[in-house]
$ cat my_file_13.cif   # mmCIF, C-alpha atoms
data_query
loop_
_atom_site.label_atom_id
_atom_site.label_comp_id
_atom_site.auth_asym_id
_atom_site.auth_seq_id
_atom_site.Cartn_x
_atom_site.Cartn_y
_atom_site.Cartn_z
CA MET H 5 14.29 12.19 -6.75
CA ASN H 6 14.99 9.35 -9.18
CA LEU H 7 17.94 7.04 -9.80
CA PHE H 8 19.81 9.62 -11.86
CA ASP H 9 19.46 12.21 -9.09
CA TYR H 10 20.79 9.63 -6.64
CA LEU H 11 23.85 8.95 -8.81
CA ASP H 12 24.52 12.68 -9.12
CA THR H 13 24.22 13.47 -5.41
CA SER H 14 25.52 10.39 -3.55
CA LEU H 15 29.05 11.38 -2.57
CA GLU H 16 29.82 8.87 0.21
CA THR H 17 32.07 5.96 -0.61
CA PHE H 18 31.05 2.39 0.19
CA ASP H 19 33.33 2.60 3.24
CA GLU H 20 31.17 5.43 4.53
CA ARG H 21 27.80 3.89 3.67
CA PRO H 22 27.24 0.21 2.79
CA LEU H 23 25.70 -0.91 -0.46
CA GLY H 24 21.89 -0.75 -0.43
CA PRO H 25 18.93 -1.49 -2.72
CA VAL H 26 19.26 1.71 -4.76
CA ASP H 27 22.95 0.96 -5.42
CA SER H 28 21.92 -2.55 -6.43
CA ALA H 29 19.29 -1.21 -8.84
CA ALA H 30 21.90 1.01 -10.48
CA LEU H 31 24.42 -1.80 -10.89
CA SER H 32 21.77 -4.24 -12.10
CA GLN H 33 20.90 -1.80 -14.89
CA PHE H 34 24.54 -1.49 -15.89
CA CYS H 35 24.41 -5.22 -16.64
CA MET H 36 22.55 -4.17 -19.83
CA VAL H 37 25.92 -2.94 -21.18
CA ARG H 38 27.72 -5.31 -23.56
CA GLY H 39 31.16 -5.67 -22.02
CA GLU H 40 32.84 -7.93 -24.58
CA GLY H 41 36.41 -6.89 -25.24
CA ILE H 42 36.39 -4.28 -22.45
CA VAL H 43 35.48 -6.01 -19.19
CA PRO H 44 37.74 -9.05 -18.54
CA MET H 45 35.89 -12.26 -19.28
CA ALA H 46 35.06 -14.76 -16.57
CA HIS H 47 37.60 -17.54 -16.39
CA ARG H 48 36.66 -20.92 -15.05
CA HIS H 49 39.27 -23.55 -14.29
CA ALA H 50 38.80 -26.81 -12.46
CA ASN H 51 41.84 -25.99 -10.32
CA TRP H 52 40.81 -23.20 -7.95
CA ILE H 53 44.43 -22.12 -7.48
CA VAL H 54 44.84 -21.50 -11.22
CA ASP H 55 41.48 -19.73 -11.24
CA ARG H 56 42.53 -17.45 -8.39
CA LEU H 57 45.91 -16.67 -9.97
CA HIS H 58 44.20 -15.74 -13.22
CA ALA H 59 41.92 -13.35 -11.35
CA LEU H 60 44.88 -11.74 -9.56
CA VAL H 61 46.86 -11.03 -12.74
CA THR H 62 43.91 -9.86 -14.83
CA LYS H 63 43.54 -6.10 -14.89
CA PRO H 64 39.92 -5.10 -14.16
CA ALA H 65 38.04 -2.43 -16.09
CA ARG H 66 36.45 0.76 -14.80
CA PHE H 67 33.25 2.49 -15.89
CA SER H 68 35.36 5.12 -17.64
CA ASP H 69 36.88 2.46 -19.91
CA LEU H 70 33.49 1.89 -21.51
CA LEU H 71 33.08 5.59 -22.23
CA LYS H 72 36.22 5.38 -24.36
CA ALA H 73 35.28 2.16 -26.17
CA GLU H 74 35.44 2.18 -29.97
CA ASN H 75 32.11 0.35 -30.11
CA TYR H 76 30.47 2.76 -27.61
CA ALA H 77 27.35 3.31 -29.74
CA SER H 78 26.50 -0.41 -29.73
CA LEU H 79 27.17 -1.15 -26.06
CA PHE H 80 23.64 -0.66 -24.75
CA CYS H 81 20.73 -3.11 -24.84
CA GLY H 82 17.50 -3.82 -23.01
CA LEU H 83 14.19 -1.96 -22.79
CA ALA H 84 15.74 1.44 -21.96
CA PRO H 85 19.14 1.65 -23.71
CA ASP H 86 19.22 5.47 -23.70
CA ASP H 87 18.75 5.50 -19.94
CA VAL H 88 21.58 2.98 -19.52
CA LYS H 89 23.83 5.14 -21.71
CA ARG H 90 23.08 8.14 -19.49
CA GLU H 91 23.72 6.00 -16.43
CA LEU H 92 27.19 5.00 -17.63
CA ALA H 93 28.26 8.64 -17.71
CA ALA H 94 26.86 9.17 -14.21
CA LEU H 95 28.59 6.09 -12.79
CA SER H 96 31.90 7.13 -14.32
CA ALA H 97 31.71 10.52 -12.59
CA SER H 98 30.25 9.37 -9.26
CA PRO H 99 32.61 9.42 -6.23
CA ARG H 100 30.60 6.48 -4.90
CA PHE H 101 30.81 4.23 -7.97
CA ARG H 102 33.70 5.30 -10.18
CA ASP H 103 36.38 3.27 -8.34
CA LEU H 104 34.54 -0.05 -8.57
CA GLU H 105 36.40 -2.77 -10.47
CA LEU H 106 34.49 -4.44 -13.31
CA ARG H 107 35.48 -8.02 -14.01
CA ASP H 108 34.32 -11.56 -14.83
CA TYR H 109 32.01 -10.59 -17.69
CA ALA H 110 30.03 -13.52 -19.07
CA SER H 111 27.52 -13.64 -21.91
CA VAL H 112 25.69 -16.48 -23.63
CA PHE H 113 23.18 -16.01 -26.43
CA ASP H 114 21.82 -19.14 -28.09
CA GLU H 115 18.69 -18.88 -30.23
CA GLU H 116 18.46 -22.63 -30.79
CA HIS H 117 18.23 -23.36 -27.07
CA SER H 118 16.39 -20.13 -26.10
CA THR H 119 19.21 -18.89 -23.90
CA GLN H 120 20.01 -15.26 -23.06
CA PHE H 121 22.37 -14.77 -20.15
CA ALA H 122 24.91 -12.20 -19.03
CA ALA H 123 26.60 -11.23 -15.78
CA ILE H 124 29.21 -8.80 -14.48
CA THR H 125 30.99 -8.68 -11.13
CA PHE H 126 31.74 -5.33 -9.46
CA VAL H 127 34.42 -5.26 -6.75
CA TRP H 128 35.03 -2.59 -4.09
CA ARG H 129 38.58 -2.45 -2.79
CA SER H 130 38.59 -0.30 0.31
CA PRO H 131 41.46 2.20 0.58
CA THR H 132 41.21 2.07 4.37
CA ALA H 133 40.38 -1.49 5.50
CA ALA H 134 40.36 -4.81 3.67
CA SER H 135 37.45 -5.89 5.85
CA ASN H 136 35.30 -3.38 3.93
CA ASN H 137 35.95 -5.08 0.58
CA PHE H 138 32.98 -6.68 -1.20
CA ALA H 139 31.78 -7.91 -4.56
CA TYR H 140 28.40 -7.32 -6.21
CA ILE H 141 27.46 -9.98 -8.74
CA GLY H 142 24.93 -8.58 -11.18
CA PHE H 143 22.78 -10.56 -13.61
CA ARG H 144 21.36 -9.05 -16.78
CA GLY H 145 17.61 -8.90 -17.17
CA THR H 146 15.77 -9.70 -20.37
CA ASP H 147 17.08 -7.93 -23.42
CA ASP H 148 14.67 -7.02 -26.22
CA THR H 149 15.23 -10.14 -28.32
CA PHE H 150 12.64 -12.82 -29.06
CA THR H 151 15.08 -15.37 -27.58
CA GLY H 152 15.32 -13.54 -24.26
CA TRP H 153 11.56 -13.25 -23.86
CA ARG H 154 10.95 -16.83 -24.92
CA GLU H 155 13.27 -17.99 -22.15
CA ASN H 156 11.20 -15.93 -19.69
CA PHE H 157 8.10 -17.86 -20.66
CA GLU H 158 9.99 -21.15 -20.50
CA MET H 159 10.48 -20.44 -16.78
CA ALA H 160 6.78 -21.14 -16.35
CA VAL H 161 7.03 -24.38 -18.33
CA ASN H 162 10.14 -26.34 -17.44
CA PRO H 163 12.47 -24.72 -14.92
CA PRO H 164 15.35 -24.45 -14.41
CA VAL H 165 15.95 -22.81 -17.79
CA PRO H 166 19.52 -22.51 -19.14
CA ALA H 167 20.00 -18.95 -17.81
CA GLN H 168 19.07 -20.08 -14.29
CA ARG H 169 21.59 -22.93 -14.41
CA LEU H 170 24.26 -20.60 -15.82
CA ALA H 171 23.59 -18.07 -13.04
CA ALA H 172 24.05 -20.71 -10.35
CA GLU H 173 27.29 -21.93 -11.96
CA TYR H 174 28.59 -18.38 -12.39
CA LEU H 175 28.08 -17.44 -8.72
CA VAL H 176 29.95 -20.51 -7.48
CA SER H 177 32.75 -20.02 -10.00
CA VAL H 178 33.51 -16.34 -9.36
CA ALA H 179 32.98 -16.54 -5.59
CA ARG H 180 36.25 -18.49 -5.31
CA HIS H 181 38.40 -15.44 -6.08
CA LEU H 182 36.24 -12.59 -4.72
CA PRO H 183 36.22 -10.77 -1.35
CA ARG H 184 34.42 -12.69 1.35
CA ARG H 185 31.42 -10.32 1.51
CA LEU H 186 29.12 -10.92 -1.47
CA TYR H 187 26.00 -9.29 -2.86
CA VAL H 188 23.98 -10.61 -5.79
CA GLY H 189 21.23 -8.82 -7.66
CA GLY H 190 19.39 -8.13 -10.86
CA HIS H 191 16.41 -6.46 -12.46
CA SER H 192 13.56 -8.26 -14.25
CA LYS H 193 14.79 -11.73 -15.24
CA GLY H 194 18.10 -10.79 -13.64
CA GLY H 195 16.33 -10.59 -10.28
CA ASN H 196 15.04 -14.11 -10.74
CA LEU H 197 18.53 -15.31 -11.70
CA ALA H 198 20.09 -13.66 -8.65
CA THR H 199 17.55 -15.31 -6.35
CA TYR H 200 17.92 -18.71 -8.02
CA ALA H 201 21.73 -18.55 -7.88
CA ALA H 202 21.60 -17.69 -4.18
CA LEU H 203 19.13 -20.49 -3.46
CA ARG H 204 21.26 -23.08 -5.25
CA ALA H 205 24.64 -21.90 -3.90
CA PRO H 206 26.60 -24.17 -1.54
CA LYS H 207 26.25 -23.39 2.16
CA GLU H 208 29.73 -21.86 2.32
CA VAL H 209 28.77 -19.35 -0.41
CA GLN H 210 25.35 -18.65 1.11
CA ALA H 211 27.10 -17.83 4.41
CA ARG H 212 29.01 -15.04 2.61
CA LEU H 213 25.91 -13.38 1.17
CA ALA H 214 25.24 -9.96 2.67
CA GLY H 215 22.35 -9.16 0.32
CA VAL H 216 20.25 -10.70 -2.45
CA PHE H 217 18.41 -8.04 -4.47
CA ASP H 218 15.49 -8.86 -6.76
CA HIS H 219 14.18 -5.77 -8.57
CA ASP H 220 10.76 -6.57 -10.08
CA GLY H 221 11.81 -10.03 -11.19
CA PRO H 222 9.35 -12.79 -12.08
CA GLY H 223 8.82 -15.55 -9.59
CA PHE H 224 9.02 -19.30 -9.98
CA LYS H 225 6.66 -21.94 -11.30
CA HIS H 226 4.22 -23.25 -8.71
CA GLY H 227 5.72 -26.29 -7.01
CA PHE H 228 9.24 -25.76 -8.39
CA LEU H 229 10.54 -24.42 -5.07
CA ALA H 230 9.41 -25.10 -1.53
CA GLU H 231 9.03 -22.22 0.91
CA GLY H 232 11.70 -23.86 3.03
CA ASP H 233 14.20 -23.40 0.19
CA PHE H 234 14.25 -19.69 1.03
CA GLU H 235 15.21 -20.15 4.68
CA PRO H 236 19.01 -19.93 4.16
CA ILE H 237 18.69 -16.52 2.44
CA ARG H 238 15.49 -15.16 3.99
CA ASP H 239 17.35 -12.68 6.19
CA VAL H 240 19.32 -11.17 3.29
CA ILE H 241 16.87 -11.19 0.38
CA GLN H 242 15.35 -7.83 -0.54
CA ARG H 243 12.66 -7.83 -3.21
CA THR H 244 11.36 -4.55 -4.63
CA VAL H 245 8.47 -4.04 -7.04
CA PRO H 246 6.63 -0.90 -8.19
CA GLU H 247 2.99 -0.28 -7.30
CA GLU H 248 1.69 -1.37 -10.71
CA SER H 249 4.10 -4.25 -11.15
CA VAL H 250 3.48 -6.62 -14.04
CA VAL H 251 6.66 -8.68 -14.44
CA GLY H 252 7.15 -9.03 -10.68
CA MET H 253 3.62 -10.43 -10.36
CA LEU H 254 4.31 -13.40 -12.63
CA MET H 255 4.44 -16.75 -10.83
CA GLU H 256 5.39 -17.15 -7.16
CA THR H 257 8.13 -15.90 -4.81
CA PRO H 258 7.69 -16.62 -1.09
CA ALA H 259 9.95 -13.72 -0.11
CA PRO H 260 9.08 -10.44 1.61
CA THR H 261 8.39 -7.70 -0.93
CA SER H 262 8.81 -3.95 -0.61
CA VAL H 263 6.55 -1.84 -2.84
CA VAL H 264 8.09 1.37 -4.17
CA ARG H 265 6.68 4.48 -5.80
CA SER H 266 7.21 5.23 -9.48
CA SER H 267 6.73 8.36 -11.57
CA ALA H 268 5.42 6.24 -14.47
CA ARG H 269 2.15 4.39 -15.00
CA GLY H 270 1.28 0.83 -15.90
CA VAL H 271 3.92 -1.43 -17.47
CA ASN H 272 6.30 1.54 -17.77
CA GLN H 273 6.88 1.24 -14.02
CA HIS H 274 9.06 -1.79 -14.78
CA ASN H 275 11.81 0.70 -15.69
CA VAL H 276 13.78 1.28 -12.46
CA PHE H 277 14.84 4.73 -13.67
CA THR H 278 11.23 5.78 -12.92
CA TRP H 279 11.37 4.54 -9.31
CA GLU H 280 11.38 7.31 -6.71
CA VAL H 281 14.24 7.64 -4.24
CA GLU H 282 14.15 9.17 -0.76
CA GLY H 283 17.50 9.67 0.95
CA ASP H 284 19.51 6.51 0.31
CA GLY H 285 16.48 4.22 -0.19
CA PHE H 286 13.48 3.83 -2.43
CA ALA H 287 10.31 5.76 -1.57
CA LYS H 288 7.85 3.27 -0.07
CA ALA H 289 4.32 2.96 -1.43
CA GLU H 290 1.33 1.90 0.67
CA GLY H 291 1.00 -1.32 -1.29
CA LEU H 292 0.37 -2.90 -4.65
CA SER H 293 -2.26 -1.37 -6.85
CA GLY H 294 -5.44 -3.24 -7.67
CA GLN H 295 -4.12 -3.73 -11.22
CA ALA H 296 -0.97 -5.47 -9.96
CA ALA H 297 -3.01 -7.79 -7.76
CA PHE H 298 -5.31 -8.42 -10.74
CA THR H 299 -2.34 -9.33 -12.95
CA HIS H 300 -1.02 -11.81 -10.40
CA GLU H 301 -4.39 -13.47 -9.90
CA LEU H 302 -5.08 -13.53 -13.63
CA MET H 303 -1.77 -15.12 -14.63
CA THR H 304 -1.95 -17.62 -11.77
CA GLU H 305 -5.42 -18.76 -12.82
CA TRP H 306 -4.53 -18.86 -16.52
CA LEU H 307 -1.37 -20.92 -16.02
CA ALA H 308 -3.26 -23.29 -13.73
CA SER H 309 -5.86 -23.82 -16.48
CA LEU H 310 -3.18 -25.18 -18.85
CA ASP H 311 -2.01 -28.74 -18.21
CA GLU H 312 1.64 -29.82 -18.25
CA GLU H 313 1.40 -31.19 -21.80
CA GLU H 314 -0.48 -28.18 -23.15
CA LEU H 315 1.71 -25.42 -21.65
CA PRO H 316 4.87 -25.87 -23.79
CA GLN H 317 2.71 -26.04 -26.92
CA VAL H 318 1.00 -22.79 -25.96
CA VAL H 319 4.34 -21.05 -25.38
CA ASP H 320 5.61 -22.26 -28.77
CA ALA H 321 2.47 -21.05 -30.53
CA LEU H 322 2.53 -17.79 -28.58
CA PHE H 323 6.00 -16.92 -29.87
CA LYS H 324 5.12 -17.88 -33.39
CA ALA H 325 2.32 -15.33 -33.14
CA ILE H 326 4.58 -12.67 -31.60
CA GLU H 327 7.10 -13.12 -34.41
CA ALA H 328 4.29 -13.03 -36.98
CA SER H 329 2.89 -9.81 -35.50
CA GLY H 330 5.42 -7.68 -37.33
CA ALA H 331 6.73 -6.25 -34.06
CA SER H 332 10.41 -5.34 -34.04
CA SER H 333 10.82 -7.02 -30.64
CA ALA H 334 8.92 -9.29 -28.29
CA GLY H 335 8.72 -6.51 -25.72
CA GLU H 336 6.76 -4.37 -28.17
CA VAL H 337 3.88 -6.85 -27.91
CA ILE H 338 4.29 -8.00 -24.30
CA PHE H 339 4.45 -4.42 -23.00
CA SER H 340 1.47 -3.27 -25.03
CA GLY H 341 -0.70 -3.71 -21.94
CA PRO H 342 -4.42 -4.42 -22.44
CA ASN H 343 -3.89 -4.48 -26.21
CA ALA H 344 -1.64 -7.56 -26.07
CA PRO H 345 -4.39 -10.26 -26.34
CA ALA H 346 -5.97 -8.49 -29.32
CA LEU H 347 -2.58 -8.12 -31.03
CA LEU H 348 -1.84 -11.80 -30.48
CA GLY H 349 -5.27 -12.82 -31.74
CA GLU H 350 -4.73 -10.78 -34.88
CA ALA H 351 -1.23 -12.18 -35.38
CA ALA H 352 -2.53 -15.74 -34.96
CA ARG H 353 -4.09 -15.40 -38.40
CA ASN H 354 -0.58 -15.50 -39.85
CA ILE H 355 0.66 -18.69 -38.20
CA ASP H 356 0.08 -22.31 -39.21
CA GLN H 357 -3.28 -23.90 -38.51
CA GLU H 358 -1.95 -26.34 -35.91
CA SER H 359 -0.37 -23.54 -33.86
CA ARG H 360 -3.49 -21.41 -34.25
CA ASP H 361 -5.65 -24.25 -32.95
CA ILE H 362 -3.46 -24.37 -29.83
CA LEU H 363 -3.12 -20.65 -29.21
CA LEU H 364 -6.66 -19.37 -29.74
CA PRO H 365 -8.31 -21.63 -27.10
CA ALA H 366 -5.56 -20.62 -24.64
CA LEU H 367 -6.26 -16.94 -25.34
CA LYS H 368 -9.95 -17.60 -24.77
CA LYS H 369 -9.09 -19.11 -21.38
CA LEU H 370 -7.06 -15.99 -20.61
CA ALA H 371 -9.99 -13.75 -21.57
CA ALA H 372 -12.40 -15.85 -19.46
CA ALA H 373 -10.02 -15.68 -16.48
CA ALA H 374 -9.76 -11.90 -16.94
CA ALA H 375 -13.54 -11.60 -16.98
CA ARG H 376 -13.91 -13.69 -13.82
CA ALA H 377 -11.20 -11.72 -12.02
CA GLY H 378 -12.83 -8.47 -13.12
CA VAL H 379 -16.25 -9.51 -11.83
CA LYS H 380 -14.71 -10.69 -8.57
CA GLY H 381 -12.96 -7.34 -8.17
CA ILE H 382 -16.16 -5.40 -8.74
CA THR H 383 -18.02 -7.63 -6.27
CA GLU H 384 -15.33 -7.15 -3.61
CA ARG H 385 -15.44 -3.37 -4.05
CA LEU H 386 -19.22 -3.41 -3.66
#
$ encode --input "my_file_13.cif" --output "structure tokens"
Amino acid sequence: MNLFDYLDTSLETFDERPLGPVDSAALSQFCMVRGEGIVPMAHRHANWIVDRLHALVTKPARFSDLLKAENYASLFCGLAPDDVKRELAALSASPRFRDLELRDYASVFDEEHSTQFAAITFVWRSPTAASNNFAYIGFRGTDDTFTGWRENFEMAVNPPVPAQRLAAEYLVSVARHLPRRLYVGGHSKGGNLATYAALRAPKEVQARLAGVFDHDGPGFKHGFLAEGDFEPIRDVIQRTVPEESVVGMLMETPAPTSVVRSSARGVNQHNVFTWEVEGDGFAKAEGLSGQAAFTHELMTEWLASLDEEELPQVVDALFKAIEASGASSAGEVIFSGPNAPALLGEAARNIDQESRDILLPALKKLAAAAARAGVKGITERL
């Protein structure tokens, strides 16, 4: 069973069964829908009373409102827009999801400052008991723009990046007018944003968190966070990655991780619609594949080989090469798997000499690290 099967067969309301990781994965994917003009925009006012009054008088949207939108064909973004389109129809029909309120949409896209951020809040109003009310705050993952992917790489250079700061501000802002019980979550970069927002939230907001869901999100730059930073949310954070995770293996996250099965292979496992579901949870795998462990070790060694001054220059040159590759999106290169270094090396011929002189040695370090990790893996197997 996959996520679509779950949406089609889950009939219990949230009063009957609390929100879990599969529900979070579904809502995190819906964050790839462009809600401008349909979902009420987030309103932030310095006076919390005015902010709360605005929230009370603003009519929320429902999933069905997006099905009727005039701009329906252009609503969907991300790496799997057709899957998100199919999901919208399923959410609109689902007895479990269709009565959720959609509100507080926020979106920032700024090429100049490499910023790609979006969030939506989903609210459950229980028909039986107000104590069952909750809000799920979902953060959008990386879309398929060069700007979105560049910001991902900037996380490894100089965190916090703008999207991380915006996520932290958004959580604090909307929490003021939401039900006491809060969940936050996201997929890919959205998972990182959800975790960062929870870590940076004031104690009174952290005390309201019933769950923090990170679905195959990248980690954090070495040394940026201390393990102790996770203590306030350690009991509520749930991190899920597929067996052959790539994105979730980038950088570091000192949080417990659950490995789930996927019907896809390689980088295609990043798509949560391929994750297998058993009952009301994800199907557990025995552990990470050797390739996932290899990816983590490789990227850790490569990033460590680049000094603080060199790293931002490498990222800048890297994206010049990606843009020069002729690819229609950054994801087309990044998700090309083992072919990515060769594609980048070829594209480097089309960038300026200064950038080429920075990028090619870095790619050689990556190749050398891959060779060392490969030899180590063979030795360990022997």
$ closest_residue --input "my_file_13.cif" --among "H:Gln120, H:Thr62, H:Thr125, H:Gln317" --to "H:Val178" --atoms "all atoms listed in the file"
H:Thr125
$ closest_residue --input "my_file_13.cif" --among "H:Lys63, H:Lys193, H:Arg38, H:Arg204" --to "H:Glu155" --atoms "only C-alpha atoms"
H:Lys193
$ residues_around --input "my_file_13.cif" --residues "stretch 289-300 of chain H" --least-positions-apart "3" --cutoff "10 Å" --atoms "all atoms listed in the file" --output "count of residues only"
31
$ residues_around --input "my_file_13.cif" --residues "H:Gln210" --least-positions-apart "2" --cutoff "12 Å" --atoms "all atoms listed in the file" --output "MDAnalysis selection string"
chainID H and resid 172 175:176 179 184:188 199:208 212:216 234:241
$ closest_residue --input "my_file_13.cif" --among "H:Leu347, H:Val161, H:Leu104, H:Leu197" --to "H:Ala122" --atoms "all atoms listed in the file"
H:Leu197
$ resolve_selection --input "my_file_13.cif" --expression "the PyMOL selection byres ((chain H and resi 137) around 12)" --output "tab-separated table (two decimals) with C-alpha atoms, in the coordinates of the input"
chain	number	residue	atom	x	y	z
H	17	THR	CA	32.07	5.96	-0.61
H	18	PHE	CA	31.05	2.39	0.19
H	19	ASP	CA	33.33	2.60	3.24
H	22	PRO	CA	27.24	0.21	2.79
H	23	LEU	CA	25.70	-0.91	-0.46
H	104	LEU	CA	34.54	-0.05	-8.57
H	105	GLU	CA	36.40	-2.77	-10.47
H	126	PHE	CA	31.74	-5.33	-9.46
H	127	VAL	CA	34.42	-5.26	-6.75
H	128	TRP	CA	35.03	-2.59	-4.09
H	129	ARG	CA	38.58	-2.45	-2.79
H	130	SER	CA	38.59	-0.30	0.31
H	131	PRO	CA	41.46	2.20	0.58
H	132	THR	CA	41.21	2.07	4.37
H	133	ALA	CA	40.38	-1.49	5.50
H	134	ALA	CA	40.36	-4.81	3.67
H	135	SER	CA	37.45	-5.89	5.85
H	136	ASN	CA	35.30	-3.38	3.93
H	138	PHE	CA	32.98	-6.68	-1.20
H	139	ALA	CA	31.78	-7.91	-4.56
H	140	TYR	CA	28.40	-7.32	-6.21
H	182	LEU	CA	36.24	-12.59	-4.72
H	183	PRO	CA	36.22	-10.77	-1.35
H	184	ARG	CA	34.42	-12.69	1.35
H	185	ARG	CA	31.42	-10.32	1.51
H	186	LEU	CA	29.12	-10.92	-1.47
H	187	TYR	CA	26.00	-9.29	-2.86
H	214	ALA	CA	25.24	-9.96	2.67
$ closest_residue --input "my_file_13.cif" --among "H:Ser68, H:Ala29, H:Gly145, H:Glu20" --to "H:Ala97" --atoms "only C-alpha atoms"
H:Ser68
$ resolve_selection --input "my_file_13.cif" --expression "the PyMOL selection byres ((chain H and resi 44) around 9)" --output "PyMOL selection string"
chain H and resi 39-43+45-47+62-65+106-110
$ closest_residue --input "my_file_13.cif" --among "H:Leu15, H:Val26, H:Ala230, H:Val281" --to "H:Ser267" --atoms "only C-alpha atoms"
H:Val281
$ atom_distance --input "my_file_13.cif" --atom1 "atom CA of H:Val319" --atom2 "atom CA of H:Leu363"
8.4 Å
$ closest_residue --input "my_file_13.cif" --among "H:Glu336, H:Asp147, H:Asp311, H:Glu358" --to "H:Phe113" --atoms "all atoms listed in the file"
H:Asp147
$ resolve_selection --input "my_file_13.cif" --expression "the PyMOL selection byres ((chain H and resi 354) around 12)" --output "ChimeraX atom specification"
/H:321-322,324-330,347-353,355-360
$ write_last_selection --input "my_file_13.cif" --atoms "C-alpha atoms" --output "short mmCIF file (atom, residue, chain, number, x, y, z; two decimals), keeping the file's coordinate frame"
data_model
loop_
_atom_site.label_atom_id
_atom_site.label_comp_id
_atom_site.auth_asym_id
_atom_site.auth_seq_id
_atom_site.Cartn_x
_atom_site.Cartn_y
_atom_site.Cartn_z
CA ALA H 321 2.47 -21.05 -30.53
CA LEU H 322 2.53 -17.79 -28.58
CA LYS H 324 5.12 -17.88 -33.39
CA ALA H 325 2.32 -15.33 -33.14
CA ILE H 326 4.58 -12.67 -31.60
CA GLU H 327 7.10 -13.12 -34.41
CA ALA H 328 4.29 -13.03 -36.98
CA SER H 329 2.89 -9.81 -35.50
CA GLY H 330 5.42 -7.68 -37.33
CA LEU H 347 -2.58 -8.12 -31.03
CA LEU H 348 -1.84 -11.80 -30.48
CA GLY H 349 -5.27 -12.82 -31.74
CA GLU H 350 -4.73 -10.78 -34.88
CA ALA H 351 -1.23 -12.18 -35.38
CA ALA H 352 -2.53 -15.74 -34.96
CA ARG H 353 -4.09 -15.40 -38.40
CA ILE H 355 0.66 -18.69 -38.20
CA ASP H 356 0.08 -22.31 -39.21
CA GLN H 357 -3.28 -23.90 -38.51
CA GLU H 358 -1.95 -26.34 -35.91
CA SER H 359 -0.37 -23.54 -33.86
CA ARG H 360 -3.49 -21.41 -34.25
#
$ atom_distance --input "my_file_13.cif" --atom1 "atom CA of H:His274" --atom2 "atom CA of H:Gly194"
12.8 Å
$ atom_distance --input "my_file_13.cif" --atom1 "atom CA of H:Ala30" --atom2 "atom CA of H:Ala73"
20.7 Å
$ residues_around --input "my_file_13.cif" --residues "H:Thr149" --least-positions-apart "2" --cutoff "12 Å" --atoms "all atoms listed in the file" --output "ChimeraX atom specification"
/H:81-83,113-115,118-121,145-147,151-156,323,326-327,331-338
$ residues_around --input "my_file_13.cif" --residues "H:Phe34" --least-positions-apart "3" --cutoff "12 Å" --atoms "only C-alpha atoms" --output "JSON, numbers by chain"
{"H": [27, 28, 29, 30, 31, 37, 38, 39, 67, 70, 79, 80, 81, 82, 84, 85, 86, 87, 88, 89, 90, 91, 92, 93, 94, 95, 96, 101, 106, 109, 122, 123, 124, 125, 126, 140, 141, 142, 143, 144, 145, 189, 190, 191, 194, 276, 277]}
